[in-house]
Structures are given as C-alpha cells and as structure tokens.
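First the structure, in the form of structure tokens, and then the observations on it.
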Amino acid sequence: MQERIRNFSIIAHVDHGKSTLADRILQMTKAVSDREMREQFLDSLELERERGITIKASAVRLFYQSKAGETYIFNLIDTPGHVDFGYEVSRALAAVEGVLLVVDASQGVEAQTIANFYLAMEHEHTIIPVINKIDLPGAQPLEVALEVEEVLGIPADECIFASGKTGQGVDEILEAIVARIPAPKGHPEHPLQALIFDSIFDAYQGVIPYVRVMDGSIQPGDRIRIWSTGKVFEVDKVGVFRPGALEPVARLGPGEVGWITAAIREIGDAQVGDTITLAQNPCDAPYPGFQPAKPVVFAGLYPTDTQDYNRLREALEKLKLNDAALSFEPETSEALGFGFRCGFLGLLHAEIVQERLEREFDLDLISTAPSVIYRVKLTNGEEIEIHNPSELPNPDKIEAIYEPYVKLTVYTPEEYVGSIMQLLQEKRGKMGNMHYVGKRVEMVYEVPFGEILYDFHDRLKSLSRGYASMDYEQAGYQEGELVKVSILVNEEPVDALAFIAHKDKAYGIGREIVDKLAEVIPRQQFAVPIQAAIGGKIIARATVKALRKDVLAKCYGGDITRKKKLLEKQKEGKKRMKAIGKVDVPQEAFLAVLSAG
Ligand code: GTP
C-alpha cells in the first residue's frame, strides 16, 4: 500500500505561483471538475483568497494514474508563503518525502527560494525544481535553470519547465512526483507515531488535528495520547482530505496523511508539531522538533466603543480556537480604556487577526503600534519581559535592557549592495557575511527585530527597484541602549503612544511622531500641545492649532446636500477616534510610530 503513496509539498518564494500550480495539479488529477474549479482552491479562508496569500497550511489527497497505468495516492500538503509562518512550513515539510521547488522563470532564485530549499534539505527531501511561468514574455527558463544549478547545486537538467497558468509541463511534473519522490517508509507493526502538521476547529467536532502517520496506524475507538500534554482522548473518526471535504475512512496506516476527531476541545491539546501516539502502546519518542507556537510581536487591541469589550473578548476566544499562535490577555490603558494585549507571529499575522475581528465579528477596533518583546534586568536582580512599552520601569530601577535580534538574509543584484548596506546601518545591523551566489549577492546581518518590523521590507524593495528579497529568523537577545519615549497630548502622557527606541534615535523618532500627531489630530476649540519626553525631559514639541470655524461655517446657509455630506464625513472620521482628555485622537495617531524612524 505505502509504495503507491507520494506525499509532497510545494515551496516557493512569494508570488512565484505556488497556489496556481497547486490548482492546476488538482484539476489535472480530476480532483475537481472543471466546473467546480475556482481559483486557488486550497486557500479556503475568504481573507486568504482576497489577499492572495496562503496563511493556513492545508492538505488534499488526489489520485493519479501514471503513464504506466498504475494508480497512485498523492497527498499534497500546502505550506504558508510568508516568513511569519515559518514554523508551520517546517512542520508541513516534516509530513512529506519530497517537494516541488517552484521558481519564477522571469524572477529567478530569491531569498525564500533559498531558505525553503535549505529547509527541504534539512529534512533530506527529494527536490523537484520547477521553472514556472514559462508562458510569460519575460521568461528566461534556461538561464534560471542554470542559476538553480549554480546557486542550489541541483543539476539544471533536473528542472522541469512549466506554467501553472497554461498547464504546460504539469503532466511532466506529475510523472516526476511518481518517479523521483520516494514512497513513505513507515513501519505498520510499530506503535503509533503521528505528527500534527495543522489543525482546525469545528463547532461540533472540536479540534480536528491534521496528521501524518509516521509509524503504526490509528482507527476509531483507539485511545490516543497527545505527547506534550499527556492528555488522553478516544478517537471518534479518522479520515482523509478530499477537495473541499473531510472524508471518513476505516483507518489511517503508516505513510498516510489525514485527520482525526476525538472530542478535543482545546487547540492547545493538539498543537502543530506535537505527536499523537496510543495511550496503551505508546511510541518511544515524539517526532522531533516540536515547539509550542510563540508570539514575537505584541499590540493592544481596543474597541472604539467601550460597550464592545465583551464582544471583543468572545471574538478573540473564537479566533484562538483556530489559531494556536494567537495569545491575548486583558489590558487597561488610561487612554484607551479596557482592551487586550495580543501576541502575534509577526505583523502580517497581526493585520490578519485585526481584519478578521473587524470583518467576521463586526467590531470597530483601535490598535496600538506593535512592539517586540524586551527583556529587562532590574537592579534588584529580577528579570522581566516587557510586552507593552508603557510598562518599562523607570531607568533607576533598570540594570540592563535586552532586545530581540534576527538573522536577516538579503539577496540582491550587486548594484544595490551599497544602498542596502546603508539602510542596514541605519537599522543598527551588524554585518555577518557577504558573498556572491550566482549573479547575486547574499548579505547576512544581525539586526534588532524591532528595527525591521515596520517598513524595512518596503524600503528594501523600493531602493532595489523590487529586485532584492529577504528572509529572517529569530536570533536571540542582545543588550541595547534603549530608552522609553513618552508622548504627551495636551500635557497628559498617553500610555498607548509610548514606545521604546535606541537612545541615539529617540530624538529623531520623537520629533517625527509629534509632527505626525499634530498633522492627524483634528483641530479642537483650543490649541493642543503635543510633546515627546524621555523621563521628565521634553525632547520634541508641536502644536495642533485651535479651530477657527466649525465645519458647517463653510456652507453659507443654502446647500443642504453639501451640509449633509460634510456632517457624514465628520461622522465617519469620528468613528475611529478615542477621546483623550478633551482631545479626540484618531486611529492613525496610534500607529504614527510605524512610519517614524
Ligand atoms: P503566495 O501564496 O502568496 O506565496 O503566492 P503563490 O506563490 O501561491 O503565487 P500565486 O499562485 O498566487 O501566483 C502569483 C501571481 O502569479 C498571480 O498573479 C498569478 O496569476 C500569477 N501566476 C501564477 N502562475 C503563473 C504562470 O504560470 N504564468 C503566468 N503568466 N502567471 C502566473
């Protein structure tokens, strides 16, 4: 049975056409009829579809009849395409034996092509290089195949030229999956060892872990144990993935990919990367490499309408059922009232959560600027973690502050190296090494995570005219000379606007923020001073001038519709404001720090 199974993933740099190719494979294996075929079948969340990115790994089982006339089971496991979700990619890869490494024929090898290639190598996977989008007028398939050989060491003649769009070359890919990717090698007689590579929450069935059975087998009625928690559950159903449906089967054997229901109520009991075994006859060790999902970026989320606090809590609880990486705890801000401090895997994850809260739960939210986690050693010897800049203790209580660093890899044509080095210097990056990889230069730096969180990627793209690409991984903590900058609106410190910055940059950022705030805070009946301060010392100041006329004064009497329009506009603007003292402060203001520095 196992010799007819092929488990594989598709990996690629963002936008190189992974989803489009997956769709085409589904269509060509008749998993979906042409009529049913809608674009990007595997990306099931509405949001994913709209943003055109993959945020949740998912799987599908296909049947393929080879040219030699034999039928194979293909399990295609989809991987998320963004660096925020790197851990999920590594777990998805643990569930397969081979990958299609997709490279855009007009773009060539990019940072994530290389990062994903190394991940696949770590798992000792078979790698099938696919030079994709060969239908594009700017495609240079042969050059890119040579680049793949030079940079990744995969012989150019192993590359398959294809187009997910036209379907050209896809039959060759399907044959290569059969011929090149090995069948799984699980032991049917060993105790069950199943790796959780994803999970979803269903209102009726609870948490449904998606598993790859490594050894042994699992069937309804089995009592299973979750390795990291030791909790035991009774299996209700097991099954496989069919396009758009979970199809029950009698059992899942070694090498198979499928799902389990066992009345698991909490997502924490079936976390991605954990191992499932049998309670009575457990395996010796878990599948290696499990790490519980760990948020690295924190932000405050507050309802614009204080009445919505409970609805926000319920919505977060619901989202959390489906998203083990999301964390939240109640937080009170003097400025914003009652809300939650939420932890995310990265900025994209934060944006997605906020968007889902607003769209699916109809909430109107104010979010504070996302911040990294600082570690602080106090003079009394205690060590604390700071998830919210306003909580940083006074300097006289602090012995040292440590900030998180990432190992950043930038991959660029040579001509942009100079300006990228300058950018990285500005971001306090420390150069690791730099060398040629094919026609491009690979630059490796250690950079404070907080410095690249906001606009770094955009700036990298714009100064390299879109040619440079990047990838990063967390790289531990280092001591930094950091200070807390408080922002005062109308002489009152606003806790939700406080931020932490390097001491040499605090003045510049403080200046930019007060200017930005003076711009976005609407005029009031009185002049409003905006100040930035370190400790008791004011380092920058700006003023929102007093309002001269009210908004209707402009329309001398007559024009009713224009009046209505103006009032309407004013109302809309108000929607997302928070009154701080006597001053209305719009959402933009709370994110002003994102565009500074
Ligand atoms: P992420 O999920 O964000 O990583 O992106 P992806 O790699 O899945 O890329 P996707 O399939 O969404 O394709 C990115 C863009 O390239 C889309 O605009 C596609 O229409 C286009 N595209 C994908 N494959 C082809 C192809 O073979 N030829 C051409 N001309 N365009 C393609």
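Residues in the structure tokens are numbered from 1 in each chain, the chains being A, B, ... in the order shown, and ligands are numbered from 1 in the order shown.
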
Step by step, measure atom-to-atom distances between ligand 1 and each residue using only C-alpha atoms and all ligand atoms, keep those at most 7 Å, then write them as a PDB file with N, CA and C atoms, in the first residue's frame.
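And here's pocket_12.pdb as it stands now:
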ATOM      1  N   ALA A  12       8.090  27.809  -2.508  1.00  0.00           N
ATOM      2  CA  ALA A  12       8.456  28.840  -3.473  1.00  0.00           C
ATOM      3  C   ALA A  12       8.647  30.165  -2.754  1.00  0.00           C
ATOM      4  N   HIS A  13       9.270  31.091  -3.433  1.00  0.00           N
ATOM      5  CA  HIS A  13       9.282  32.471  -2.956  1.00  0.00           C
ATOM      6  C   HIS A  13       7.873  33.028  -3.200  1.00  0.00           C
ATOM      7  N   VAL A  14       7.479  34.018  -2.388  1.00  0.00           N
ATOM      8  CA  VAL A  14       6.157  34.611  -2.530  1.00  0.00           C
ATOM      9  C   VAL A  14       5.894  35.027  -3.982  1.00  0.00           C
ATOM     10  N   ASP A  15       4.719  34.688  -4.462  1.00  0.00           N
ATOM     11  CA  ASP A  15       4.256  35.093  -5.800  1.00  0.00           C
ATOM     12  C   ASP A  15       4.910  34.355  -6.968  1.00  0.00           C
ATOM     13  N   HIS A  16       5.672  33.333  -6.684  1.00  0.00           N
ATOM     14  CA  HIS A  16       6.260  32.597  -7.800  1.00  0.00           C
ATOM     15  C   HIS A  16       5.280  31.595  -8.417  1.00  0.00           C
ATOM     16  N   GLY A  17       4.053  31.518  -7.816  1.00  0.00           N
ATOM     17  CA  GLY A  17       2.998  30.768  -8.500  1.00  0.00           C
ATOM     18  C   GLY A  17       2.664  29.424  -7.889  1.00  0.00           C
ATOM     19  N   LYS A  18       2.962  29.293  -6.596  1.00  0.00           N
ATOM     20  CA  LYS A  18       2.689  28.034  -5.895  1.00  0.00           C
ATOM     21  C   LYS A  18       1.201  27.661  -5.935  1.00  0.00           C
ATOM     22  N   SER A  19       0.334  28.572  -5.548  1.00  0.00           N
ATOM     23  CA  SER A  19      -1.098  28.258  -5.481  1.00  0.00           C
ATOM     24  C   SER A  19      -1.673  27.954  -6.852  1.00  0.00           C
ATOM     25  N   THR A  20      -1.246  28.717  -7.834  1.00  0.00           N
ATOM     26  CA  THR A  20      -1.752  28.495  -9.189  1.00  0.00           C
ATOM     27  C   THR A  20      -1.360  27.096  -9.675  1.00  0.00           C
ATOM     28  N   LEU A  21      -0.130  26.710  -9.375  1.00  0.00           N
ATOM     29  CA  LEU A  21       0.323  25.378  -9.793  1.00  0.00           C
ATOM     30  C   LEU A  21      -0.451  24.286  -9.042  1.00  0.00           C
ATOM     31  N   GLY A  52      -4.653  36.977  -1.594  1.00  0.00           N
ATOM     32  CA  GLY A  52      -3.800  36.188  -2.465  1.00  0.00           C
ATOM     33  C   GLY A  52      -2.605  35.604  -1.752  1.00  0.00           C
ATOM     34  N   ILE A  53      -2.728  35.356  -0.449  1.00  0.00           N
ATOM     35  CA  ILE A  53      -1.625  34.708   0.249  1.00  0.00           C
ATOM     36  C   ILE A  53      -2.155  33.485   0.968  1.00  0.00           C
ATOM     37  N   THR A  54      -1.248  32.597   1.301  1.00  0.00           N
ATOM     38  CA  THR A  54      -1.652  31.387   1.981  1.00  0.00           C
ATOM     39  C   THR A  54      -1.310  31.543   3.453  1.00  0.00           C
ATOM     40  N   PRO A  80       2.325  27.685   4.095  1.00  0.00           N
ATOM     41  CA  PRO A  80       2.120  29.127   4.038  1.00  0.00           C
ATOM     42  C   PRO A  80       3.336  29.799   3.395  1.00  0.00           C
ATOM     43  N   GLY A  81       3.093  30.927   2.735  1.00  0.00           N
ATOM     44  CA  GLY A  81       4.180  31.534   1.965  1.00  0.00           C
ATOM     45  C   GLY A  81       4.882  32.704   2.632  1.00  0.00           C
ATOM     46  N   HIS A  82       4.550  33.013   3.884  1.00  0.00           N
ATOM     47  CA  HIS A  82       5.116  34.219   4.488  1.00  0.00           C
ATOM     48  C   HIS A  82       6.017  33.886   5.668  1.00  0.00           C
ATOM     49  N   ASN A 132       8.795  27.898 -13.368  1.00  0.00           N
ATOM     50  CA  ASN A 132       7.375  28.162 -13.592  1.00  0.00           C
ATOM     51  C   ASN A 132       7.155  29.455 -14.392  1.00  0.00           C
ATOM     52  N   LYS A 133       5.945  29.644 -14.850  1.00  0.00           N
ATOM     53  CA  LYS A 133       5.529  30.851 -15.592  1.00  0.00           C
ATOM     54  C   LYS A 133       6.299  31.005 -16.904  1.00  0.00           C
ATOM     55  N   ILE A 134       6.595  29.864 -17.553  1.00  0.00           N
ATOM     56  CA  ILE A 134       7.362  29.974 -18.797  1.00  0.00           C
ATOM     57  C   ILE A 134       6.548  30.617 -19.915  1.00  0.00           C
ATOM     58  N   ASP A 135       5.243  30.801 -19.685  1.00  0.00           N
ATOM     59  CA  ASP A 135       4.412  31.480 -20.690  1.00  0.00           C
ATOM     60  C   ASP A 135       4.653  32.982 -20.705  1.00  0.00           C
ATOM     61  N   LEU A 136       5.265  33.521 -19.654  1.00  0.00           N
ATOM     62  CA  LEU A 136       5.463  34.976 -19.595  1.00  0.00           C
ATOM     63  C   LEU A 136       6.437  35.432 -20.686  1.00  0.00           C
ATOM     64  N   ALA A 162       7.577  24.701 -16.758  1.00  0.00           N
ATOM     65  CA  ALA A 162       6.122  24.577 -16.674  1.00  0.00           C
ATOM     66  C   ALA A 162       5.442  25.933 -16.571  1.00  0.00           C
ATOM     67  N   SER A 163       4.135  25.892 -16.710  1.00  0.00           N
ATOM     68  CA  SER A 163       3.318  27.070 -16.455  1.00  0.00           C
ATOM     69  C   SER A 163       2.053  26.622 -15.733  1.00  0.00           C
ATOM     70  N   GLY A 164       1.900  27.092 -14.508  1.00  0.00           N
ATOM     71  CA  GLY A 164       0.689  26.770 -13.756  1.00  0.00           C
ATOM     72  C   GLY A 164      -0.519  27.371 -14.452  1.00  0.00           C
ATOM     73  N   LYS A 165      -0.274  28.430 -15.183  1.00  0.00           N
ATOM     74  CA  LYS A 165      -1.372  29.136 -15.816  1.00  0.00           C
ATOM     75  C   LYS A 165      -1.911  28.373 -17.024  1.00  0.00           C
ATOM     76  N   THR A 166      -1.016  27.971 -17.932  1.00  0.00           N
ATOM     77  CA  THR A 166      -1.484  27.284 -19.139  1.00  0.00           C
ATOM     78  C   THR A 166      -1.554  25.772 -18.956  1.00  0.00           C
TER      79      THR A 166
END

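Residues in contact with A:Gly300 at up to 6 Å, not including ones fewer than 5 positions away on its chain and judged by only C-alpha atoms, are A:Phe340, A:Arg341, A:Ser367, A:Thr368.
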
The selected residues should be written to file as a PDB file, in the first residue's frame (atoms: C-alpha atoms).
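Heads up, here's the output in again.pdb:
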ATOM      1  CA  PHE A 340      -6.442  43.236  25.214  1.00  0.00           C
ATOM      2  CA  ARG A 341      -2.726  42.887  24.730  1.00  0.00           C
ATOM      3  CA  SER A 367      -4.823  49.067  17.680  1.00  0.00           C
ATOM      4  CA  THR A 368      -1.646  50.359  19.245  1.00  0.00           C
TER       5      THR A 368
END

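The coordinates place atom CA of A:Ala501 at 11.1 Å from atom CA of A:Tyr374.
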
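In this structure, atom CA of A:Gly255 sits 23.9 Å away from atom CA of A:Gly230.
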
Sorted per-residue table, stretch 228-315 of chain A near stretch 95-109 of chain A, closest atoms and distance, 10 Å, only C-alpha atoms, as JSON lines:
{"residue": "A:Gly255", "atom": "CA", "partner": "A:Val96", "partner_atom": "CA", "distance": 8.8}
{"residue": "A:Glu256", "atom": "CA", "partner": "A:Ala95", "partner_atom": "CA", "distance": 9.4}
{"residue": "A:Val257", "atom": "CA", "partner": "A:Ala95", "partner_atom": "CA", "distance": 7.9}
{"residue": "A:Gly273", "atom": "CA", "partner": "A:Ala95", "partner_atom": "CA", "distance": 9.9}

Would you export the selected residues with C-alpha atoms as a PDB file, in the first residue's frame, please?
ATOM      1  CA  GLY A 255       2.722   6.980   5.432  1.00  0.00           C
ATOM      2  CA  GLU A 256      -0.825   8.289   5.234  1.00  0.00           C
ATOM      3  CA  VAL A 257      -1.994  11.843   5.672  1.00  0.00           C
ATOM      4  CA  GLY A 273       4.317  19.945  15.683  1.00  0.00           C
TER       5      GLY A 273
END

Contacts of stretch 480-482 of chain A at 9 Å (only C-alpha atoms; same-chain gap of 4+ positions) as a VMD selection string: chain A and resid 400 to 403 500 to 504 506

query: Out of stretch 205-382 of chain A, which residues get helix (DSSP H, G or I) from DSSP, as a ChimeraX atom specification?
result: /A:267-269,306-322,347-360

Selected residues, N, CA, C and O atoms, written as a compact mmCIF listing (two decimals), in the first residue's frame, please.
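In the end it all went to result.txt:
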# COMPACT_ATOMS: atom_id res chain seq x y z
N ILE A 267 -7.49 23.93 21.48
CA ILE A 267 -6.47 23.90 20.44
C ILE A 267 -5.10 23.61 21.04
O ILE A 267 -4.25 22.99 20.42
N GLY A 268 -4.92 24.01 22.31
CA GLY A 268 -3.65 23.76 22.99
C GLY A 268 -3.38 22.27 23.18
O GLY A 268 -2.25 21.86 23.45
N ASP A 269 -4.40 21.44 23.03
CA ASP A 269 -4.23 20.00 23.18
C ASP A 269 -3.87 19.31 21.87
O ASP A 269 -3.70 18.09 21.84
N THR A 306 -16.61 51.38 24.00
CA THR A 306 -16.28 50.60 25.21
C THR A 306 -17.30 49.49 25.48
O THR A 306 -16.99 48.48 26.09
N GLN A 307 -18.51 49.69 24.98
CA GLN A 307 -19.56 48.67 25.16
C GLN A 307 -19.20 47.33 24.50
O GLN A 307 -19.77 46.31 24.83
N ASP A 308 -18.28 47.39 23.54
CA ASP A 308 -17.96 46.19 22.78
C ASP A 308 -16.90 45.31 23.43
O ASP A 308 -16.47 44.32 22.83
N TYR A 309 -16.47 45.65 24.63
CA TYR A 309 -15.38 44.91 25.27
C TYR A 309 -15.66 43.41 25.34
O TYR A 309 -14.84 42.58 24.97
N ASN A 310 -16.84 43.06 25.81
CA ASN A 310 -17.16 41.64 25.94
C ASN A 310 -17.25 40.93 24.59
O ASN A 310 -16.83 39.79 24.45
N ARG A 311 -17.79 41.65 23.62
CA ARG A 311 -17.86 41.06 22.27
C ARG A 311 -16.46 40.82 21.73
O ARG A 311 -16.19 39.83 21.06
N LEU A 312 -15.54 41.74 22.04
CA LEU A 312 -14.16 41.57 21.57
C LEU A 312 -13.54 40.34 22.23
O LEU A 312 -12.86 39.55 21.59
N ARG A 313 -13.81 40.17 23.55
CA ARG A 313 -13.24 39.00 24.23
C ARG A 313 -13.77 37.70 23.62
O ARG A 313 -13.03 36.78 23.34
N GLU A 314 -15.07 37.66 23.40
CA GLU A 314 -15.66 36.45 22.79
C GLU A 314 -15.08 36.18 21.40
O GLU A 314 -14.79 35.04 21.05
N ALA A 315 -14.90 37.25 20.64
CA ALA A 315 -14.36 37.08 19.28
C ALA A 315 -12.93 36.55 19.34
O ALA A 315 -12.56 35.65 18.58
N LEU A 316 -12.13 37.08 20.26
CA LEU A 316 -10.75 36.61 20.40
C LEU A 316 -10.73 35.15 20.81
O LEU A 316 -9.94 34.35 20.31
N GLU A 317 -11.63 34.79 21.73
CA GLU A 317 -11.70 33.38 22.15
C GLU A 317 -12.02 32.48 20.97
O GLU A 317 -11.44 31.41 20.81
N LYS A 318 -12.94 32.93 20.13
CA LYS A 318 -13.31 32.12 18.96
C LYS A 318 -12.15 32.00 17.98
O LYS A 318 -11.86 30.91 17.47
N LEU A 319 -11.48 33.11 17.72
CA LEU A 319 -10.35 33.05 16.77
C LEU A 319 -9.24 32.16 17.29
O LEU A 319 -8.61 31.43 16.55
N LYS A 320 -9.04 32.23 18.59
CA LYS A 320 -7.96 31.46 19.22
C LYS A 320 -8.16 29.95 19.05
O LYS A 320 -7.20 29.19 18.96
N LEU A 321 -9.42 29.53 18.98
CA LEU A 321 -9.72 28.11 18.77
C LEU A 321 -9.06 27.60 17.50
O LEU A 321 -8.69 26.45 17.38
N ASN A 322 -8.94 28.49 16.54
CA ASN A 322 -8.40 28.12 15.24
C ASN A 322 -6.96 28.54 15.03
O ASN A 322 -6.36 28.28 14.01
N LEU A 347 3.93 40.90 11.94
CA LEU A 347 3.00 41.98 11.59
C LEU A 347 1.86 41.51 10.69
O LEU A 347 0.73 41.93 10.83
N LEU A 348 2.18 40.61 9.77
CA LEU A 348 1.14 40.14 8.86
C LEU A 348 0.06 39.39 9.65
O LEU A 348 -1.13 39.59 9.46
N HIS A 349 0.53 38.56 10.57
CA HIS A 349 -0.40 37.83 11.42
C HIS A 349 -1.28 38.81 12.21
O HIS A 349 -2.50 38.65 12.30
N ALA A 350 -0.68 39.88 12.74
CA ALA A 350 -1.43 40.89 13.49
C ALA A 350 -2.50 41.54 12.61
O ALA A 350 -3.65 41.70 13.01
N GLU A 351 -2.11 41.88 11.39
CA GLU A 351 -3.06 42.51 10.47
C GLU A 351 -4.21 41.57 10.14
O GLU A 351 -5.36 41.99 10.09
N ILE A 352 -3.87 40.31 9.92
CA ILE A 352 -4.90 39.35 9.57
C ILE A 352 -5.89 39.18 10.72
O ILE A 352 -7.10 39.18 10.52
N VAL A 353 -5.37 39.09 11.95
CA VAL A 353 -6.26 38.93 13.11
C VAL A 353 -7.17 40.15 13.24
O VAL A 353 -8.39 40.02 13.40
N GLN A 354 -6.60 41.34 13.13
CA GLN A 354 -7.43 42.53 13.27
C GLN A 354 -8.50 42.59 12.18
O GLN A 354 -9.67 42.89 12.44
N GLU A 355 -8.09 42.26 10.98
CA GLU A 355 -9.06 42.29 9.88
C GLU A 355 -10.19 41.29 10.10
O GLU A 355 -11.34 41.58 9.84
N ARG A 356 -9.82 40.10 10.59
CA ARG A 356 -10.86 39.09 10.82
C ARG A 356 -11.80 39.52 11.94
O ARG A 356 -13.00 39.29 11.87
N LEU A 357 -11.24 40.13 12.98
CA LEU A 357 -12.08 40.59 14.09
C LEU A 357 -13.09 41.62 13.59
O LEU A 357 -14.25 41.62 13.97
N GLU A 358 -12.62 42.50 12.71
CA GLU A 358 -13.50 43.57 12.24
C GLU A 358 -14.52 43.04 11.25
O GLU A 358 -15.68 43.43 11.27
N ARG A 359 -14.07 42.13 10.41
CA ARG A 359 -14.94 41.68 9.34
C ARG A 359 -15.91 40.59 9.80
O ARG A 359 -17.09 40.66 9.58
N GLU A 360 -15.34 39.56 10.46
CA GLU A 360 -16.19 38.43 10.81
C GLU A 360 -17.00 38.68 12.07
O GLU A 360 -18.01 38.04 12.31
